[in-house]
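Source file: entry_0.txt. Holds: compact mmCIF, C-alpha atoms.
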```txt
# COMPACT_ATOMS: atom_id res chain seq x y z
CA MET A 30 0.00 0.00 0.00
CA ALA A 31 2.79 2.38 1.01
CA VAL A 32 4.68 1.50 -2.17
CA ASP A 33 1.53 2.20 -4.20
CA SER A 34 1.14 5.58 -2.54
CA ARG A 35 4.79 6.45 -3.17
CA GLU A 36 4.44 5.44 -6.81
CA ASN A 37 1.26 7.49 -7.14
CA ARG A 38 2.98 10.51 -5.68
CA ALA A 39 5.94 10.10 -8.04
CA LEU A 40 3.54 9.81 -10.97
CA LEU A 41 1.67 12.91 -9.78
CA MET A 42 4.94 14.86 -9.47
CA LEU A 43 5.94 13.81 -12.99
CA THR A 44 2.53 14.74 -14.40
CA VAL A 45 2.57 18.11 -12.63
CA GLY A 46 6.08 18.91 -13.89
CA LEU A 47 5.28 17.89 -17.44
CA ALA A 48 1.95 19.76 -17.47
CA GLY A 49 3.70 22.86 -16.13
CA TRP A 50 6.20 22.75 -18.95
CA LEU A 51 3.66 21.97 -21.70
CA VAL A 52 1.39 24.85 -20.68
CA PRO A 53 2.56 27.53 -18.21
CA GLY A 54 0.49 27.12 -15.04
CA GLY A 55 -0.64 23.66 -16.14
CA GLY A 56 0.95 22.03 -13.11
CA TYR A 57 -1.30 24.01 -10.79
CA VAL A 58 -4.35 23.08 -12.87
CA VAL A 59 -3.48 19.40 -12.36
CA LEU A 60 -3.39 20.17 -8.61
CA ARG A 61 -6.79 21.91 -9.04
CA GLU A 62 -5.34 25.30 -8.13
CA TYR A 63 -7.20 26.95 -11.00
CA LYS A 64 -6.80 30.61 -9.97
CA ARG A 65 -3.05 30.24 -9.47
CA GLY A 66 -2.73 28.41 -12.79
CA LEU A 67 -4.66 31.06 -14.69
CA ILE A 68 -2.66 33.96 -13.21
CA ILE A 69 0.62 32.24 -14.04
CA PHE A 70 -0.53 31.30 -17.54
CA VAL A 71 -1.54 34.88 -18.38
CA ALA A 72 1.61 36.44 -16.86
CA ILE A 73 4.09 34.06 -18.52
CA VAL A 74 2.41 33.93 -21.94
CA LEU A 75 2.11 37.73 -21.98
CA THR A 76 5.79 38.14 -21.08
CA LEU A 77 6.80 35.67 -23.79
CA CYS A 78 4.57 37.37 -26.38
CA VAL A 79 5.88 40.85 -25.52
CA GLY A 80 9.43 39.55 -25.99
CA LEU A 81 8.57 37.97 -29.33
CA TYR A 82 6.71 41.11 -30.45
CA VAL A 83 9.50 43.52 -29.50
CA GLY A 84 12.38 41.46 -30.87
CA SER A 85 10.49 39.31 -33.40
CA ILE A 86 10.66 35.51 -33.43
CA GLY A 87 14.33 35.94 -34.40
CA VAL A 88 15.22 36.31 -30.70
CA VAL A 89 14.68 32.56 -30.37
CA ASP A 90 17.98 31.48 -31.86
CA PRO A 91 19.02 27.88 -31.12
CA VAL A 92 22.19 28.28 -33.20
CA GLY A 93 23.72 31.65 -32.28
CA ALA A 94 22.36 32.10 -28.76
CA LYS A 95 22.28 28.66 -27.18
CA LEU A 96 22.25 29.76 -23.53
CA TRP A 97 19.38 32.19 -24.11
CA TYR A 98 17.57 29.41 -25.97
CA LEU A 99 17.99 27.07 -23.01
CA ALA A 100 16.19 29.58 -20.79
CA GLN A 101 13.56 30.37 -23.43
CA ILE A 102 12.59 26.76 -24.04
CA LEU A 103 11.62 26.38 -20.37
CA SER A 104 8.46 28.40 -21.17
CA SER A 105 6.90 25.77 -23.37
CA PRO A 106 7.78 23.26 -26.08
CA ALA A 107 6.13 25.74 -28.50
CA VAL A 108 9.37 27.74 -28.26
CA ALA A 109 11.18 24.75 -29.79
CA ALA A 110 8.81 24.98 -32.77
CA VAL A 111 9.66 28.66 -33.13
CA GLY A 112 13.36 27.78 -32.81
CA HIS A 113 12.97 25.24 -35.59
CA VAL A 114 11.62 27.98 -37.87
CA THR A 115 14.27 30.55 -36.96
CA ALA A 116 17.26 28.15 -36.96
CA VAL A 117 17.85 28.72 -40.69
CA GLY A 118 18.55 32.42 -40.00
CA GLU A 119 15.73 34.03 -41.98
CA TYR A 120 14.76 36.35 -39.14
CA PRO A 121 17.90 38.25 -38.12
CA VAL A 122 17.55 40.73 -35.26
CA TYR A 123 20.28 42.90 -33.76
CA GLY A 124 20.86 45.59 -31.15
CA ARG A 125 18.39 46.81 -28.57
CA PRO A 126 15.29 44.92 -29.83
CA ASN A 127 17.33 41.70 -29.70
CA GLU A 128 18.44 42.38 -26.12
CA ILE A 129 14.98 43.32 -24.88
CA GLY A 130 13.35 40.38 -26.69
CA GLN A 131 15.86 37.89 -25.34
CA ILE A 132 15.54 39.21 -21.80
CA TYR A 133 11.72 39.04 -21.87
CA THR A 134 11.53 35.56 -23.40
CA SER A 135 14.26 34.15 -21.16
CA ILE A 136 12.73 35.62 -18.01
CA ALA A 137 9.40 34.07 -19.07
CA GLY A 138 11.17 30.69 -19.27
CA LEU A 139 12.90 31.09 -15.92
CA LEU A 140 9.66 32.19 -14.25
CA ASN A 141 8.02 29.07 -15.63
CA LEU A 142 10.85 26.98 -14.16
CA LEU A 143 10.11 28.58 -10.77
CA CYS A 144 6.44 27.67 -11.18
CA ILE A 145 7.22 24.09 -12.24
CA ILE A 146 9.49 23.59 -9.22
CA ASN A 147 6.88 25.11 -6.89
CA ALA A 148 4.05 22.99 -8.32
CA VAL A 149 6.14 19.80 -8.09
CA TYR A 150 7.02 20.71 -4.50
CA MET A 151 3.32 21.18 -3.70
CA ALA A 152 2.57 17.79 -5.24
CA CYS A 153 5.46 16.19 -3.33
CA ALA A 154 4.59 17.73 0.03
CA GLY A 155 0.92 16.96 -0.48
CA LYS A 156 -0.01 20.61 -0.02
CA ILE A 157 -3.29 20.16 -1.85
CA PRO A 158 -6.17 21.67 0.12
CA GLU A 159 -8.76 19.18 1.42
CA GLY A 160 -11.82 18.72 -0.71
CA LYS A 161 -10.05 19.71 -3.91
CA MET B 58 -10.84 38.76 -39.54
CA PHE B 59 -8.42 36.36 -41.23
CA ALA B 60 -6.45 39.29 -42.69
CA TYR B 61 -6.29 40.87 -39.23
CA ALA B 62 -5.02 37.60 -37.73
CA LEU B 63 -2.37 37.41 -40.46
CA SER B 64 -1.23 40.99 -39.85
CA VAL B 65 -0.95 40.28 -36.11
CA MET B 66 1.15 37.19 -36.83
CA ALA B 67 3.28 39.12 -39.34
CA SER B 68 4.09 41.73 -36.68
CA PHE B 69 6.00 38.99 -34.84
CA THR B 70 8.40 38.49 -37.75
CA ALA B 71 10.00 41.95 -37.72
CA PRO B 72 11.55 43.63 -34.66
CA GLU B 73 10.20 46.89 -33.24
CA GLU B 74 12.37 50.00 -33.34
CA ILE B 75 13.78 50.74 -29.92
CA GLY B 76 16.34 53.48 -29.53
CA THR B 77 19.14 53.49 -26.99
CA ASN B 78 17.52 56.30 -25.02
CA VAL B 79 16.31 56.81 -21.47
CA GLN B 80 12.68 56.05 -22.42
CA SER B 81 13.66 52.53 -23.44
CA LEU B 82 14.40 51.82 -19.77
CA LEU B 83 10.64 51.97 -19.18
CA LEU B 84 10.43 48.55 -20.85
CA LEU B 85 11.72 47.28 -17.52
CA LEU B 86 8.36 47.97 -15.85
CA PRO B 87 6.18 45.32 -17.58
CA LEU B 88 8.87 42.74 -16.88
CA LEU B 89 8.93 43.70 -13.20
CA ALA B 90 5.14 43.46 -13.10
CA ALA B 91 5.29 39.92 -14.55
CA VAL B 92 7.99 38.88 -12.07
CA SER B 93 5.98 40.29 -9.12
CA VAL B 94 2.73 38.66 -10.22
CA VAL B 95 4.27 35.23 -10.86
CA TYR B 96 6.34 35.29 -7.66
CA LYS B 97 3.36 36.23 -5.51
CA ALA B 98 1.17 33.65 -7.27
CA THR B 99 3.62 30.95 -6.22
CA LYS B 100 4.14 32.22 -2.67
CA LEU B 101 0.66 33.10 -1.37
CA SER B 102 -1.04 30.18 0.34
CA GLU B 103 -4.54 31.47 -0.44
CA ILE B 104 -5.19 33.71 -3.43
CA THR B 105 -7.86 36.37 -2.99
CA ALA B 106 -8.11 39.38 -5.31
CA ILE B 107 -7.34 42.08 -2.73
CA THR B 108 -4.48 40.27 -0.96
CA PHE B 109 -2.92 39.20 -4.23
CA LEU B 110 -3.09 42.69 -5.77
CA LYS B 111 -1.77 44.32 -2.59
CA GLU B 112 1.15 41.91 -2.28
CA SER B 113 2.03 42.14 -5.99
CA VAL B 114 1.94 45.95 -6.01
CA LEU B 115 4.08 46.04 -2.85
CA LEU B 116 6.69 43.74 -4.38
CA PHE B 117 6.63 45.68 -7.66
CA GLY B 118 7.14 48.96 -5.77
CA SER B 119 9.95 47.55 -3.63
CA ILE B 120 11.84 46.26 -6.68
CA VAL B 121 11.45 49.60 -8.49
CA VAL B 122 12.63 51.56 -5.43
CA PHE B 123 15.59 49.22 -4.93
CA MET B 124 16.60 49.46 -8.59
CA VAL B 125 16.36 53.26 -8.59
CA ALA B 126 18.45 53.36 -5.40
CA THR B 127 21.04 51.04 -6.99
CA ALA B 128 21.15 53.23 -10.12
CA LEU B 129 21.68 56.35 -7.98
CA VAL B 130 24.51 54.70 -6.03
CA LEU B 131 26.17 53.59 -9.27
CA CYS B 132 25.81 57.13 -10.68
CA VAL B 133 27.46 58.60 -7.59
CA VAL B 134 30.29 56.02 -7.76
CA ALA B 135 30.79 56.75 -11.48
CA TRP B 136 30.80 60.51 -10.75
CA LEU B 137 33.36 60.07 -7.94
CA VAL B 138 35.63 57.88 -10.08
CA THR B 139 35.50 59.98 -13.26
CA GLY B 140 34.86 63.46 -11.87
```
What would you get if you wrote out this structure as structure tokens?
Amino acid sequence: MAVDSRENRALLMLTVGLAGWLVPGGGYVVLREYKRGLIIFVAIVLTLCVGLYVGSIGVVDPVGAKLWYLAQILSSPAVAAVGHVTAVGEYPVYGRPNEIGQIYTSIAGLLNLLCIINAVYMACAGKIPEGK
Amino acid sequence: MFAYALSVMASFTAPEEIGTNVQSLLLLLPLLAAVSVVYKATKLSEITAITFLKESVLLFGSIVVFMVATALVLCVVAWLVTG
């Protein structure tokens, strides 16, 4: 029984982490923390979109800016799809728009990492309110 | 509607023009707002509209004040070193 429970918890943690990466705030939705999930989804998606709008999709550069890309891809696997499009170098962006775009998109990714870790911790510690 | 959706998507393929001026520093504010909102969303045990807004605004204000103070200190240091 205890083994079952431990396995269930591990499965829940994995599901929460994966859901949080697939859709920002998704981990909290799995834990039925809908308000928290919605706030995080809106904040992270808006930050990512502002970054992509200011610097264009060219700021996602898996070839020339690998470290930035590592942070950006933490937002969602959708960033990998954008990276696949921009990898050929058809969307060059330089200077200030590039800096601002990279900072916004990378911060969005790092904020999502914070949320994933927090949601997984909540799942691990069993901090799910009763009745939910 | 379709044309509008296409034009919105097209706006993501070319960068905006941002000069290297003082006004461009204002782009820091939306980022700080996002950081405050996400941080408070992860930290508050119970999310109610008033508490959440109050806490987020407080954090946003504290970060802005701290950054302005840091900028002032750096300006003074730069002035002392170069002046």
If we count all atoms listed in the file, which residues of chain B reach to within 12 Å of chain A? Please list them as a tab-separated table (two decimals) with C-alpha atoms, in the frame of the given file.
```tsv
chain	number	residue	atom	x	y	z
B	65	VAL	CA	-0.95	40.28	-36.11
B	66	MET	CA	1.15	37.19	-36.83
B	67	ALA	CA	3.28	39.12	-39.34
B	68	SER	CA	4.09	41.73	-36.68
B	69	PHE	CA	6.00	38.99	-34.84
B	70	THR	CA	8.40	38.49	-37.75
B	71	ALA	CA	10.00	41.95	-37.72
B	72	PRO	CA	11.55	43.63	-34.66
B	73	GLU	CA	10.20	46.89	-33.24
B	74	GLU	CA	12.37	50.00	-33.34
B	75	ILE	CA	13.78	50.74	-29.92
B	76	GLY	CA	16.34	53.48	-29.53
B	77	THR	CA	19.14	53.49	-26.99
B	78	ASN	CA	17.52	56.30	-25.02
B	81	SER	CA	13.66	52.53	-23.44
B	82	LEU	CA	14.40	51.82	-19.77
B	83	LEU	CA	10.64	51.97	-19.18
B	84	LEU	CA	10.43	48.55	-20.85
B	85	LEU	CA	11.72	47.28	-17.52
B	86	LEU	CA	8.36	47.97	-15.85
B	87	PRO	CA	6.18	45.32	-17.58
B	88	LEU	CA	8.87	42.74	-16.88
B	89	LEU	CA	8.93	43.70	-13.20
B	90	ALA	CA	5.14	43.46	-13.10
B	91	ALA	CA	5.29	39.92	-14.55
B	92	VAL	CA	7.99	38.88	-12.07
B	93	SER	CA	5.98	40.29	-9.12
B	94	VAL	CA	2.73	38.66	-10.22
B	95	VAL	CA	4.27	35.23	-10.86
B	96	TYR	CA	6.34	35.29	-7.66
B	97	LYS	CA	3.36	36.23	-5.51
B	98	ALA	CA	1.17	33.65	-7.27
B	99	THR	CA	3.62	30.95	-6.22
B	100	LYS	CA	4.14	32.22	-2.67
B	101	LEU	CA	0.66	33.10	-1.37
B	102	SER	CA	-1.04	30.18	0.34
B	103	GLU	CA	-4.54	31.47	-0.44
B	104	ILE	CA	-5.19	33.71	-3.43
B	105	THR	CA	-7.86	36.37	-2.99
B	106	ALA	CA	-8.11	39.38	-5.31
B	109	PHE	CA	-2.92	39.20	-4.23
B	110	LEU	CA	-3.09	42.69	-5.77
B	113	SER	CA	2.03	42.14	-5.99
```
> Between CA of Val59 (chain A) and CA of Val45 (chain A), what is the spacing in Å?
Replying inline: 6.2 Å
>> Please report the interatomic distance between CA of Trp50 (chain A) and CA of Gly93 (chain A) in Å with one decimal.
In response: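 Answer for the CA of Trp50 (chain A) to CA of Gly93 (chain A) separation: 23.7 Å.
Here CA of Ser105 (chain A) and CA of Thr44 (chain A) stand 14.9 Å from one another.
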Give the centre and edge lengths of an axis-aligned box, in Å to one decimal, that holds all listed atoms of region 64-78 of chain A with 3 Å on each side, as lines of an AutoDock Vina configuration file.
```
center_x = 0.0
center_y = 33.3
center_z = -17.9
size_x = 19.6
size_y = 15.7
size_z = 22.9
```
